[in-house]
file my_file-v3.pdb (PDB, C-alpha atoms, pLDDT in the B column)
ATOM      1  CA  MET A   1     -49.415  57.078  87.235  1.00 83.00           C
ATOM      2  CA  TRP A   2     -47.257  58.292  90.089  1.00 93.00           C
ATOM      3  CA  ILE A   3     -49.127  56.396  92.836  1.00 94.00           C
ATOM      4  CA  LYS A   4     -49.886  52.738  92.155  1.00 94.00           C
ATOM      5  CA  GLN A   5     -53.152  51.096  93.136  1.00 94.00           C
ATOM      6  CA  GLN A   6     -52.185  48.666  95.872  1.00 96.00           C
ATOM      7  CA  GLN A   7     -53.481  47.294  99.128  1.00 98.00           C
ATOM      8  CA  LEU A   8     -52.022  48.795 102.300  1.00 98.00           C
ATOM      9  CA  GLU A   9     -52.182  46.862 105.572  1.00 98.00           C
ATOM     10  CA  GLY A  10     -51.552  47.712 109.197  1.00 98.00           C
ATOM     11  CA  ASP A  11     -52.380  46.138 112.546  1.00 97.00           C
ATOM     12  CA  PHE A  12     -55.978  47.456 112.633  1.00 97.00           C
ATOM     13  CA  VAL A  13     -56.980  48.071 109.014  1.00 98.00           C
ATOM     14  CA  ILE A  14     -56.562  46.920 105.444  1.00 98.00           C
ATOM     15  CA  LEU A  15     -56.938  49.620 102.799  1.00 98.00           C
ATOM     16  CA  GLU A  16     -58.286  47.914  99.695  1.00 98.00           C
ATOM     17  CA  PRO A  17     -58.447  49.739  96.344  1.00 98.00           C
ATOM     18  CA  LEU A  18     -62.147  50.559  95.978  1.00 97.00           C
ATOM     19  CA  ASN A  19     -64.177  48.400  93.591  1.00 97.00           C
ATOM     20  CA  GLU A  20     -67.713  47.056  93.065  1.00 97.00           C
ATOM     21  CA  ARG A  21     -67.239  44.335  95.706  1.00 98.00           C
ATOM     22  CA  HIS A  22     -67.208  47.081  98.365  1.00 98.00           C
ATOM     23  CA  ILE A  23     -70.618  48.597  97.502  1.00 98.00           C
ATOM     24  CA  ASP A  24     -72.715  46.548  99.934  1.00 97.00           C
ATOM     25  CA  GLY A  25     -70.222  46.970 102.784  1.00 97.00           C
ATOM     26  CA  LEU A  26     -70.043  50.730 102.284  1.00 98.00           C
ATOM     27  CA  ALA A  27     -73.848  50.987 102.069  1.00 97.00           C
ATOM     28  CA  LEU A  28     -74.077  49.274 105.467  1.00 96.00           C
ATOM     29  CA  ALA A  29     -71.228  51.315 106.945  1.00 97.00           C
ATOM     30  CA  VAL A  30     -72.687  54.697 105.968  1.00 96.00           C
ATOM     31  CA  GLN A  31     -75.985  53.809 107.670  1.00 95.00           C
ATOM     32  CA  ASP A  32     -74.169  53.482 111.010  1.00 94.00           C
ATOM     33  CA  GLY A  33     -74.377  57.112 112.113  1.00 91.00           C
ATOM     34  CA  GLU A  34     -76.163  58.509 109.039  1.00 91.00           C
ATOM     35  CA  ALA A  35     -73.296  60.894 108.306  1.00 91.00           C
ATOM     36  CA  TRP A  36     -74.919  62.018 105.053  1.00 91.00           C
ATOM     37  CA  LYS A  37     -77.284  64.094 107.229  1.00 91.00           C
ATOM     38  CA  ILE A  38     -74.442  66.326 108.475  1.00 89.00           C
ATOM     39  CA  TRP A  39     -74.912  69.512 106.454  1.00 86.00           C
ATOM     40  CA  PHE A  40     -71.210  70.402 106.191  1.00 89.00           C
ATOM     41  CA  ALA A  41     -69.998  66.905 105.255  1.00 88.00           C
ATOM     42  CA  ASN A  42     -69.802  65.348 101.786  1.00 87.00           C
ATOM     43  CA  VAL A  43     -70.820  61.824 102.721  1.00 93.00           C
ATOM     44  CA  PRO A  44     -73.017  59.897 100.274  1.00 95.00           C
ATOM     45  CA  HIS A  45     -76.476  58.579 101.124  1.00 94.00           C
ATOM     46  CA  PHE A  46     -76.592  54.772 101.143  1.00 95.00           C
ATOM     47  CA  ASP A  47     -78.744  54.852  97.982  1.00 95.00           C
ATOM     48  CA  ASP A  48     -75.917  56.696  96.205  1.00 96.00           C
ATOM     49  CA  ILE A  49     -73.054  54.351  97.137  1.00 97.00           C
ATOM     50  CA  THR A  50     -72.988  52.579  93.756  1.00 97.00           C
ATOM     51  CA  ASP A  51     -72.525  55.879  91.889  1.00 97.00           C
ATOM     52  CA  TYR A  52     -69.976  56.969  94.498  1.00 97.00           C
ATOM     53  CA  VAL A  53     -67.889  53.817  93.961  1.00 97.00           C
ATOM     54  CA  VAL A  54     -68.190  53.902  90.152  1.00 97.00           C
ATOM     55  CA  THR A  55     -67.057  57.551  90.075  1.00 96.00           C
ATOM     56  CA  ALA A  56     -64.158  56.787  92.428  1.00 96.00           C
ATOM     57  CA  MET A  57     -63.064  53.876  90.230  1.00 96.00           C
ATOM     58  CA  LYS A  58     -63.165  56.118  87.159  1.00 96.00           C
ATOM     59  CA  ASN A  59     -61.070  58.732  88.974  1.00 95.00           C
ATOM     60  CA  ALA A  60     -58.562  56.025  89.957  1.00 94.00           C
ATOM     61  CA  ARG A  61     -57.628  55.663  86.286  1.00 91.00           C
ATOM     62  CA  ALA A  62     -56.355  59.265  86.516  1.00 89.00           C
ATOM     63  CA  GLY A  63     -54.259  58.452  89.611  1.00 91.00           C
ATOM     64  CA  ASN A  64     -56.751  59.434  92.330  1.00 95.00           C
ATOM     65  CA  ILE A  65     -56.787  56.226  94.376  1.00 97.00           C
ATOM     66  CA  ALA A  66     -59.791  55.483  96.597  1.00 97.00           C
ATOM     67  CA  TYR A  67     -59.770  52.806  99.279  1.00 98.00           C
ATOM     68  CA  ALA A  68     -62.352  50.828 101.184  1.00 98.00           C
ATOM     69  CA  VAL A  69     -61.310  50.598 104.831  1.00 98.00           C
ATOM     70  CA  ARG A  70     -61.602  47.090 106.260  1.00 98.00           C
ATOM     71  CA  CYS A  71     -61.404  46.628 110.035  1.00 98.00           C
ATOM     72  CA  LYS A  72     -59.183  43.616 110.712  1.00 97.00           C
ATOM     73  CA  THR A  73     -60.890  42.593 113.971  1.00 96.00           C
ATOM     74  CA  THR A  74     -64.391  42.386 112.422  1.00 97.00           C
ATOM     75  CA  ASN A  75     -63.437  41.905 108.740  1.00 98.00           C
ATOM     76  CA  LYS A  76     -66.113  44.508 107.897  1.00 98.00           C
ATOM     77  CA  ILE A  77     -65.868  47.514 105.611  1.00 98.00           C
ATOM     78  CA  VAL A  78     -66.090  50.522 107.943  1.00 98.00           C
ATOM     79  CA  GLY A  79     -65.524  53.477 105.604  1.00 97.00           C
ATOM     80  CA  THR A  80     -63.493  54.949 102.813  1.00 97.00           C
ATOM     81  CA  THR A  81     -60.622  57.354 102.183  1.00 97.00           C
ATOM     82  CA  ARG A  82     -58.552  58.404  99.164  1.00 97.00           C
ATOM     83  CA  TYR A  83     -55.715  60.206  97.479  1.00 98.00           C
ATOM     84  CA  TYR A  84     -57.089  62.914  95.195  1.00 97.00           C
ATOM     85  CA  ASN A  85     -55.876  65.908  93.200  1.00 96.00           C
ATOM     86  CA  VAL A  86     -52.718  63.876  92.738  1.00 97.00           C
ATOM     87  CA  ASP A  87     -50.011  66.054  91.203  1.00 96.00           C
ATOM     88  CA  SER A  88     -47.186  63.786  90.042  1.00 95.00           C
ATOM     89  CA  GLN A  89     -45.158  66.627  88.546  1.00 96.00           C
ATOM     90  CA  ASN A  90     -44.909  68.415  91.896  1.00 97.00           C
ATOM     91  CA  LYS A  91     -45.066  65.235  94.013  1.00 98.00           C
ATOM     92  CA  ARG A  92     -48.112  66.362  95.973  1.00 97.00           C
ATOM     93  CA  ALA A  93     -51.428  64.749  96.786  1.00 98.00           C
ATOM     94  CA  MET A  94     -54.462  65.452  98.905  1.00 98.00           C
ATOM     95  CA  LEU A  95     -55.918  62.996 101.422  1.00 98.00           C
ATOM     96  CA  GLY A  96     -59.635  63.118 101.957  1.00 96.00           C
ATOM     97  CA  TYR A  97     -63.115  61.945 101.063  1.00 95.00           C
ATOM     98  CA  THR A  98     -62.762  60.136 104.371  1.00 95.00           C
ATOM     99  CA  TRP A  99     -65.751  58.877 106.295  1.00 96.00           C
ATOM    100  CA  TYR A 100     -66.317  56.006 108.690  1.00 96.00           C
ATOM    101  CA  CYS A 101     -69.249  54.258 110.292  1.00 96.00           C
ATOM    102  CA  ASN A 102     -70.032  55.770 113.660  1.00 94.00           C
ATOM    103  CA  SER A 103     -69.009  52.656 115.607  1.00 94.00           C
ATOM    104  CA  VAL A 104     -65.299  53.043 114.672  1.00 95.00           C
ATOM    105  CA  CYS A 105     -65.009  56.796 115.236  1.00 89.00           C
ATOM    106  CA  ARG A 106     -62.516  57.733 117.964  1.00 85.00           C
ATOM    107  CA  THR A 107     -60.671  54.417 117.546  1.00 91.00           C
ATOM    108  CA  ALA A 108     -57.280  53.631 116.009  1.00 95.00           C
ATOM    109  CA  ILE A 109     -58.892  53.181 112.573  1.00 96.00           C
ATOM    110  CA  ASN A 110     -58.447  56.744 111.250  1.00 94.00           C
ATOM    111  CA  THR A 111     -55.005  57.155 112.810  1.00 95.00           C
ATOM    112  CA  GLU A 112     -53.724  53.989 111.171  1.00 97.00           C
ATOM    113  CA  CYS A 113     -55.370  54.773 107.819  1.00 97.00           C
ATOM    114  CA  LYS A 114     -53.657  58.145 107.686  1.00 97.00           C
ATOM    115  CA  TYR A 115     -50.377  56.641 108.899  1.00 98.00           C
ATOM    116  CA  LEU A 116     -50.420  54.053 106.090  1.00 98.00           C
ATOM    117  CA  LEU A 117     -51.366  56.597 103.427  1.00 98.00           C
ATOM    118  CA  LEU A 118     -48.788  59.151 104.572  1.00 98.00           C
ATOM    119  CA  LYS A 119     -46.033  56.564 104.941  1.00 98.00           C
ATOM    120  CA  ASN A 120     -46.762  55.303 101.434  1.00 98.00           C
ATOM    121  CA  LEU A 121     -46.600  58.827  99.976  1.00 98.00           C
ATOM    122  CA  PHE A 122     -43.536  60.077 101.825  1.00 98.00           C
ATOM    123  CA  GLU A 123     -41.444  56.885 101.950  1.00 98.00           C
ATOM    124  CA  ILE A 124     -42.339  55.078  98.727  1.00 97.00           C
ATOM    125  CA  TYR A 125     -43.258  57.972  96.431  1.00 97.00           C
ATOM    126  CA  GLN A 126     -41.022  60.673  97.966  1.00 98.00           C
ATOM    127  CA  ALA A 127     -43.863  63.217  98.172  1.00 98.00           C
ATOM    128  CA  ASN A 128     -42.983  66.847  98.801  1.00 98.00           C
ATOM    129  CA  ALA A 129     -46.259  67.599 100.555  1.00 98.00           C
ATOM    130  CA  VAL A 130     -49.627  66.145 101.463  1.00 98.00           C
ATOM    131  CA  GLU A 131     -52.669  68.373 101.819  1.00 98.00           C
ATOM    132  CA  PHE A 132     -55.925  68.019 103.751  1.00 98.00           C
ATOM    133  CA  ARG A 133     -59.048  70.140 103.327  1.00 98.00           C
ATOM    134  CA  THR A 134     -62.216  70.361 105.357  1.00 97.00           C
ATOM    135  CA  HIS A 135     -65.233  72.576 105.921  1.00 97.00           C
ATOM    136  CA  PHE A 136     -64.645  75.437 108.363  1.00 97.00           C
ATOM    137  CA  PHE A 137     -67.555  74.188 110.501  1.00 96.00           C
ATOM    138  CA  ASN A 138     -66.372  70.563 110.597  1.00 95.00           C
ATOM    139  CA  GLN A 139     -64.674  70.770 113.989  1.00 95.00           C
ATOM    140  CA  ALA A 140     -64.303  66.988 114.345  1.00 91.00           C
ATOM    141  CA  SER A 141     -62.444  66.808 111.038  1.00 93.00           C
ATOM    142  CA  LYS A 142     -60.238  69.797 111.895  1.00 96.00           C
ATOM    143  CA  ASN A 143     -59.359  68.216 115.250  1.00 94.00           C
ATOM    144  CA  ALA A 144     -58.529  64.875 113.590  1.00 93.00           C
ATOM    145  CA  ILE A 145     -56.315  66.545 110.974  1.00 96.00           C
ATOM    146  CA  GLU A 146     -54.487  68.566 113.635  1.00 96.00           C
ATOM    147  CA  ARG A 147     -53.977  65.423 115.784  1.00 93.00           C
ATOM    148  CA  LEU A 148     -52.148  63.906 112.820  1.00 94.00           C
ATOM    149  CA  GLY A 149     -49.618  66.714 113.019  1.00 95.00           C
ATOM    150  CA  ALA A 150     -50.739  68.694 109.967  1.00 97.00           C
ATOM    151  CA  LYS A 151     -50.355  72.459 110.089  1.00 98.00           C
ATOM    152  CA  GLN A 152     -52.997  74.909 108.931  1.00 98.00           C
ATOM    153  CA  ASP A 153     -51.995  76.749 105.746  1.00 98.00           C
ATOM    154  CA  GLY A 154     -55.033  78.988 105.508  1.00 98.00           C
ATOM    155  CA  ILE A 155     -58.720  79.297 104.734  1.00 98.00           C
ATOM    156  CA  LEU A 156     -60.175  79.480 101.224  1.00 98.00           C
ATOM    157  CA  ARG A 157     -63.211  81.705 101.729  1.00 98.00           C
ATOM    158  CA  ASN A 158     -66.391  81.027  99.715  1.00 98.00           C
ATOM    159  CA  HIS A 159     -64.473  78.162  98.161  1.00 97.00           C
ATOM    160  CA  GLN A 160     -67.317  75.789  97.248  1.00 95.00           C
ATOM    161  CA  ILE A 161     -71.065  75.772  96.831  1.00 95.00           C
ATOM    162  CA  MET A 162     -72.537  73.013  98.994  1.00 93.00           C
ATOM    163  CA  LYS A 163     -75.476  70.751  98.068  1.00 88.00           C
ATOM    164  CA  ASP A 164     -77.794  72.935 100.146  1.00 90.00           C
ATOM    165  CA  GLY A 165     -76.588  76.110  98.367  1.00 93.00           C
ATOM    166  CA  SER A 166     -74.502  77.422 101.269  1.00 95.00           C
ATOM    167  CA  LEU A 167     -70.951  78.579 100.617  1.00 96.00           C
ATOM    168  CA  ARG A 168     -68.148  76.561 102.149  1.00 97.00           C
ATOM    169  CA  ASP A 169     -65.066  78.148 103.649  1.00 98.00           C
ATOM    170  CA  THR A 170     -62.386  75.455 103.241  1.00 98.00           C
ATOM    171  CA  VAL A 171     -59.633  75.069 105.832  1.00 98.00           C
ATOM    172  CA  VAL A 172     -56.379  73.880 104.219  1.00 98.00           C
ATOM    173  CA  TYR A 173     -53.740  71.900 106.117  1.00 98.00           C
ATOM    174  CA  SER A 174     -50.530  70.222 105.005  1.00 98.00           C
ATOM    175  CA  ILE A 175     -47.640  68.048 106.068  1.00 98.00           C
ATOM    176  CA  ILE A 176     -44.384  68.618 104.189  1.00 98.00           C
ATOM    177  CA  ALA A 177     -41.591  66.104 103.638  1.00 98.00           C
ATOM    178  CA  SER A 178     -39.272  67.632 106.247  1.00 98.00           C
ATOM    179  CA  GLU A 179     -42.005  67.172 108.896  1.00 98.00           C
ATOM    180  CA  TRP A 180     -42.716  63.523 108.096  1.00 98.00           C
ATOM    181  CA  LEU A 181     -40.292  61.951 110.590  1.00 98.00           C
ATOM    182  CA  ALA A 182     -41.805  63.833 113.543  1.00 98.00           C
ATOM    183  CA  VAL A 183     -45.358  63.169 112.311  1.00 98.00           C
ATOM    184  CA  LYS A 184     -44.494  59.481 111.837  1.00 98.00           C
ATOM    185  CA  CYS A 185     -43.143  59.189 115.406  1.00 98.00           C
ATOM    186  CA  ASN A 186     -46.270  60.915 116.740  1.00 96.00           C
ATOM    187  CA  LEU A 187     -48.613  58.562 114.842  1.00 97.00           C
ATOM    188  CA  GLN A 188     -46.652  55.459 115.837  1.00 97.00           C
ATOM    189  CA  ASP A 189     -46.858  56.554 119.479  1.00 96.00           C
ATOM    190  CA  LYS A 190     -50.640  57.054 119.196  1.00 95.00           C
ATOM    191  CA  LEU A 191     -51.046  53.614 117.634  1.00 96.00           C
ATOM    192  CA  LYS A 192     -49.082  51.958 120.466  1.00 94.00           C
ATOM    193  CA  ARG A 193     -51.537  53.428 122.973  1.00 87.00           C
TER     194      ARG A 193
END
call {"tool": "encode", "arguments": {"input": "my_file-v3.pdb", "output": "structure tokens"}}
result
Amino acid sequence: MWIKQQQLEGDFVILEPLNERHIDGLALAVQDGEAWKIWFANVPHFDDITDYVVTAMKNARAGNIAYAVRCKTTNKIVGTTRYYNVDSQNKRAMLGYTWYCNSVCRTAINTECKYLLLKNLFEIYQANAVEFRTHFFNQASKNAIERLGAKQDGILRNHQIMKDGSLRDTVVYSIIASEWLAVKCNLQDKLKR
């Protein structure tokens, strides 16, 4: 595996490799805001968290590392995020499957999670590029990705069939290795404020 399963820690969060011990915390977190009701989001219902975690753990054996996000001030699990579609040959990975309980949205949590994940990829694993994807109608996600410093690469039209049968246009963003220093400075500045 190109990316090792390891804990990542910052000032606000601890990213813990996802396992069965996180099921109850994630089930509570997802109920804060009921994000599974958002039609364009792929957030699991609290009844489906066990399957979600088991599938993520299975995918981790193939190098797609999922994390539970622990808030350091409360010691509670507040969401999840992961590396997926990891391509070791081309030194690329995607960041996504990210969701948080409503009470930590618009805090430093997401900024620091992405900072830790990006820093790990670019500085430890010498990634060439990191990609983000989101639904065309998920404006909050697009705004968050753009605030990180990612640039839009394009839109994959009719890219996926959603649970409700609608077709998803997927907006693709990336950060490439030569942009990392500027992105890093930007994220560090945001975290100071």
call {"tool": "resolve_selection", "arguments": {"input": "my_file-v3.pdb", "expression": "the PyMOL selection byres ((chain A and resi 76-80) around 10)", "output": "VMD selection string"}}
result
chain A and resid 13 to 18 22 to 30 32 53 66 to 75 81 to 82 96 to 105 109 to 110 113
call {"tool": "write_last_selection", "arguments": {"input": "my_file-v3.pdb", "atoms": "C-alpha atoms", "output": "PDB file, in the coordinates of the input"}}
result
ATOM      1  CA  VAL A  13     -56.980  48.071 109.014  1.00 98.00           C
ATOM      2  CA  ILE A  14     -56.562  46.920 105.444  1.00 98.00           C
ATOM      3  CA  LEU A  15     -56.938  49.620 102.799  1.00 98.00           C
ATOM      4  CA  GLU A  16     -58.286  47.914  99.695  1.00 98.00           C
ATOM      5  CA  PRO A  17     -58.447  49.739  96.344  1.00 98.00           C
ATOM      6  CA  LEU A  18     -62.147  50.559  95.978  1.00 97.00           C
ATOM      7  CA  HIS A  22     -67.208  47.081  98.365  1.00 98.00           C
ATOM      8  CA  ILE A  23     -70.618  48.597  97.502  1.00 98.00           C
ATOM      9  CA  ASP A  24     -72.715  46.548  99.934  1.00 97.00           C
ATOM     10  CA  GLY A  25     -70.222  46.970 102.784  1.00 97.00           C
ATOM     11  CA  LEU A  26     -70.043  50.730 102.284  1.00 98.00           C
ATOM     12  CA  ALA A  27     -73.848  50.987 102.069  1.00 97.00           C
ATOM     13  CA  LEU A  28     -74.077  49.274 105.467  1.00 96.00           C
ATOM     14  CA  ALA A  29     -71.228  51.315 106.945  1.00 97.00           C
ATOM     15  CA  VAL A  30     -72.687  54.697 105.968  1.00 96.00           C
ATOM     16  CA  ASP A  32     -74.169  53.482 111.010  1.00 94.00           C
ATOM     17  CA  VAL A  53     -67.889  53.817  93.961  1.00 97.00           C
ATOM     18  CA  ALA A  66     -59.791  55.483  96.597  1.00 97.00           C
ATOM     19  CA  TYR A  67     -59.770  52.806  99.279  1.00 98.00           C
ATOM     20  CA  ALA A  68     -62.352  50.828 101.184  1.00 98.00           C
ATOM     21  CA  VAL A  69     -61.310  50.598 104.831  1.00 98.00           C
ATOM     22  CA  ARG A  70     -61.602  47.090 106.260  1.00 98.00           C
ATOM     23  CA  CYS A  71     -61.404  46.628 110.035  1.00 98.00           C
ATOM     24  CA  LYS A  72     -59.183  43.616 110.712  1.00 97.00           C
ATOM     25  CA  THR A  73     -60.890  42.593 113.971  1.00 96.00           C
ATOM     26  CA  THR A  74     -64.391  42.386 112.422  1.00 97.00           C
ATOM     27  CA  ASN A  75     -63.437  41.905 108.740  1.00 98.00           C
ATOM     28  CA  THR A  81     -60.622  57.354 102.183  1.00 97.00           C
ATOM     29  CA  ARG A  82     -58.552  58.404  99.164  1.00 97.00           C
ATOM     30  CA  GLY A  96     -59.635  63.118 101.957  1.00 96.00           C
ATOM     31  CA  TYR A  97     -63.115  61.945 101.063  1.00 95.00           C
ATOM     32  CA  THR A  98     -62.762  60.136 104.371  1.00 95.00           C
ATOM     33  CA  TRP A  99     -65.751  58.877 106.295  1.00 96.00           C
ATOM     34  CA  TYR A 100     -66.317  56.006 108.690  1.00 96.00           C
ATOM     35  CA  CYS A 101     -69.249  54.258 110.292  1.00 96.00           C
ATOM     36  CA  ASN A 102     -70.032  55.770 113.660  1.00 94.00           C
ATOM     37  CA  SER A 103     -69.009  52.656 115.607  1.00 94.00           C
ATOM     38  CA  VAL A 104     -65.299  53.043 114.672  1.00 95.00           C
ATOM     39  CA  CYS A 105     -65.009  56.796 115.236  1.00 89.00           C
ATOM     40  CA  ILE A 109     -58.892  53.181 112.573  1.00 96.00           C
ATOM     41  CA  ASN A 110     -58.447  56.744 111.250  1.00 94.00           C
ATOM     42  CA  CYS A 113     -55.370  54.773 107.819  1.00 97.00           C
TER      43      CYS A 113
END
call {"tool": "closest_residue", "arguments": {"input": "my_file-v3.pdb", "among": "A:Glu179, A:Asp164, A:Asp169, A:Glu34", "to": "Ala150 in chain A", "atoms": "all atoms listed in the file"}}
result
A:Glu179
call {"tool": "closest_residue", "arguments": {"input": "my_file-v3.pdb", "among": "A:Ile145, A:Leu8, A:Ile124, A:Ala41", "to": "Val183 in chain A", "atoms": "all atoms listed in the file"}}
result
A:Ile145
call {"tool": "resolve_selection", "arguments": {"input": "my_file-v3.pdb", "expression": "the PyMOL selection byres ((chain A and resi 163) around 10)", "output": "list in words"}}
result
Trp39, Phe40, Ala41, Asn42, Gln160, Ile161, Met162, Asp164, Gly165, Ser166 and Leu167 of chain A
call {"tool": "resolve_selection", "arguments": {"input": "my_file-v3.pdb", "expression": "the PyMOL selection byres ((chain A and resi 178) around 12)", "output": "list of chain:residue names"}}
result
A:Phe122, A:Glu123, A:Gln126, A:Ala127, A:Asn128, A:Ala129, A:Val130, A:Ser174, A:Ile175, A:Ile176, A:Ala177, A:Glu179, A:Trp180, A:Leu181, A:Ala182, A:Val183, A:Lys184
call {"tool": "atom_distance", "arguments": {"input": "my_file-v3.pdb", "atom1": "CA of Asp47 in chain A", "atom2": "CA of Asn59 in chain A"}}
result
20.2 Å
call {"tool": "closest_residue", "arguments": {"input": "my_file-v3.pdb", "among": "A:Ala108, A:Met94, A:Leu156, A:Leu117", "to": "Phe132 in chain A", "atoms": "all atoms listed in the file"}}
result
A:Met94
call {"tool": "closest_residue", "arguments": {"input": "my_file-v3.pdb", "among": "A:Tyr52, A:Phe137, A:Phe12, A:Tyr84", "to": "Val171 in chain A", "atoms": "all atoms listed in the file"}}
result
A:Phe137
call {"tool": "atom_distance", "arguments": {"input": "my_file-v3.pdb", "atom1": "CA of Asn64 in chain A", "atom2": "CA of Ile3 in chain A"}}
result
8.2 Å
call {"tool": "closest_residue", "arguments": {"input": "my_file-v3.pdb", "among": "A:Ala93, A:Leu148, A:Ala60, A:Ile155", "to": "Tyr115 in chain A", "atoms": "all atoms listed in the file"}}
result
A:Leu148
call {"tool": "atom_distance", "arguments": {"input": "my_file-v3.pdb", "atom1": "CA of Gln31 in chain A", "atom2": "CA of Gly10 in chain A"}}
result
25.2 Å
call {"tool": "residues_around", "arguments": {"input": "my_file-v3.pdb", "residues": "Glu146 in chain A", "least_positions_apart": "3", "cutoff": "12 Å", "atoms": "only C-alpha atoms", "output": "PyMOL selection string"}}
result
chain A and resi 111+131-134+139-143+149-153+171-175+183+186-187
call {"tool": "closest_residue", "arguments": {"input": "my_file-v3.pdb", "among": "A:His159, A:Lys4, A:Arg147, A:Lys192", "to": "Gly63 in chain A", "atoms": "only C-alpha atoms"}}
result
A:Lys4
call {"tool": "axis_aligned_box", "arguments": {"input": "my_file-v3.pdb", "around": "range 5-14 of chain A", "padding_each_side": "8 Å", "output": "lines of an AutoDock Vina configuration file"}}
result
center_x = -54.3
center_y = 48.6
center_z = 102.9
size_x = 21.4
size_y = 21.0
size_z = 35.5
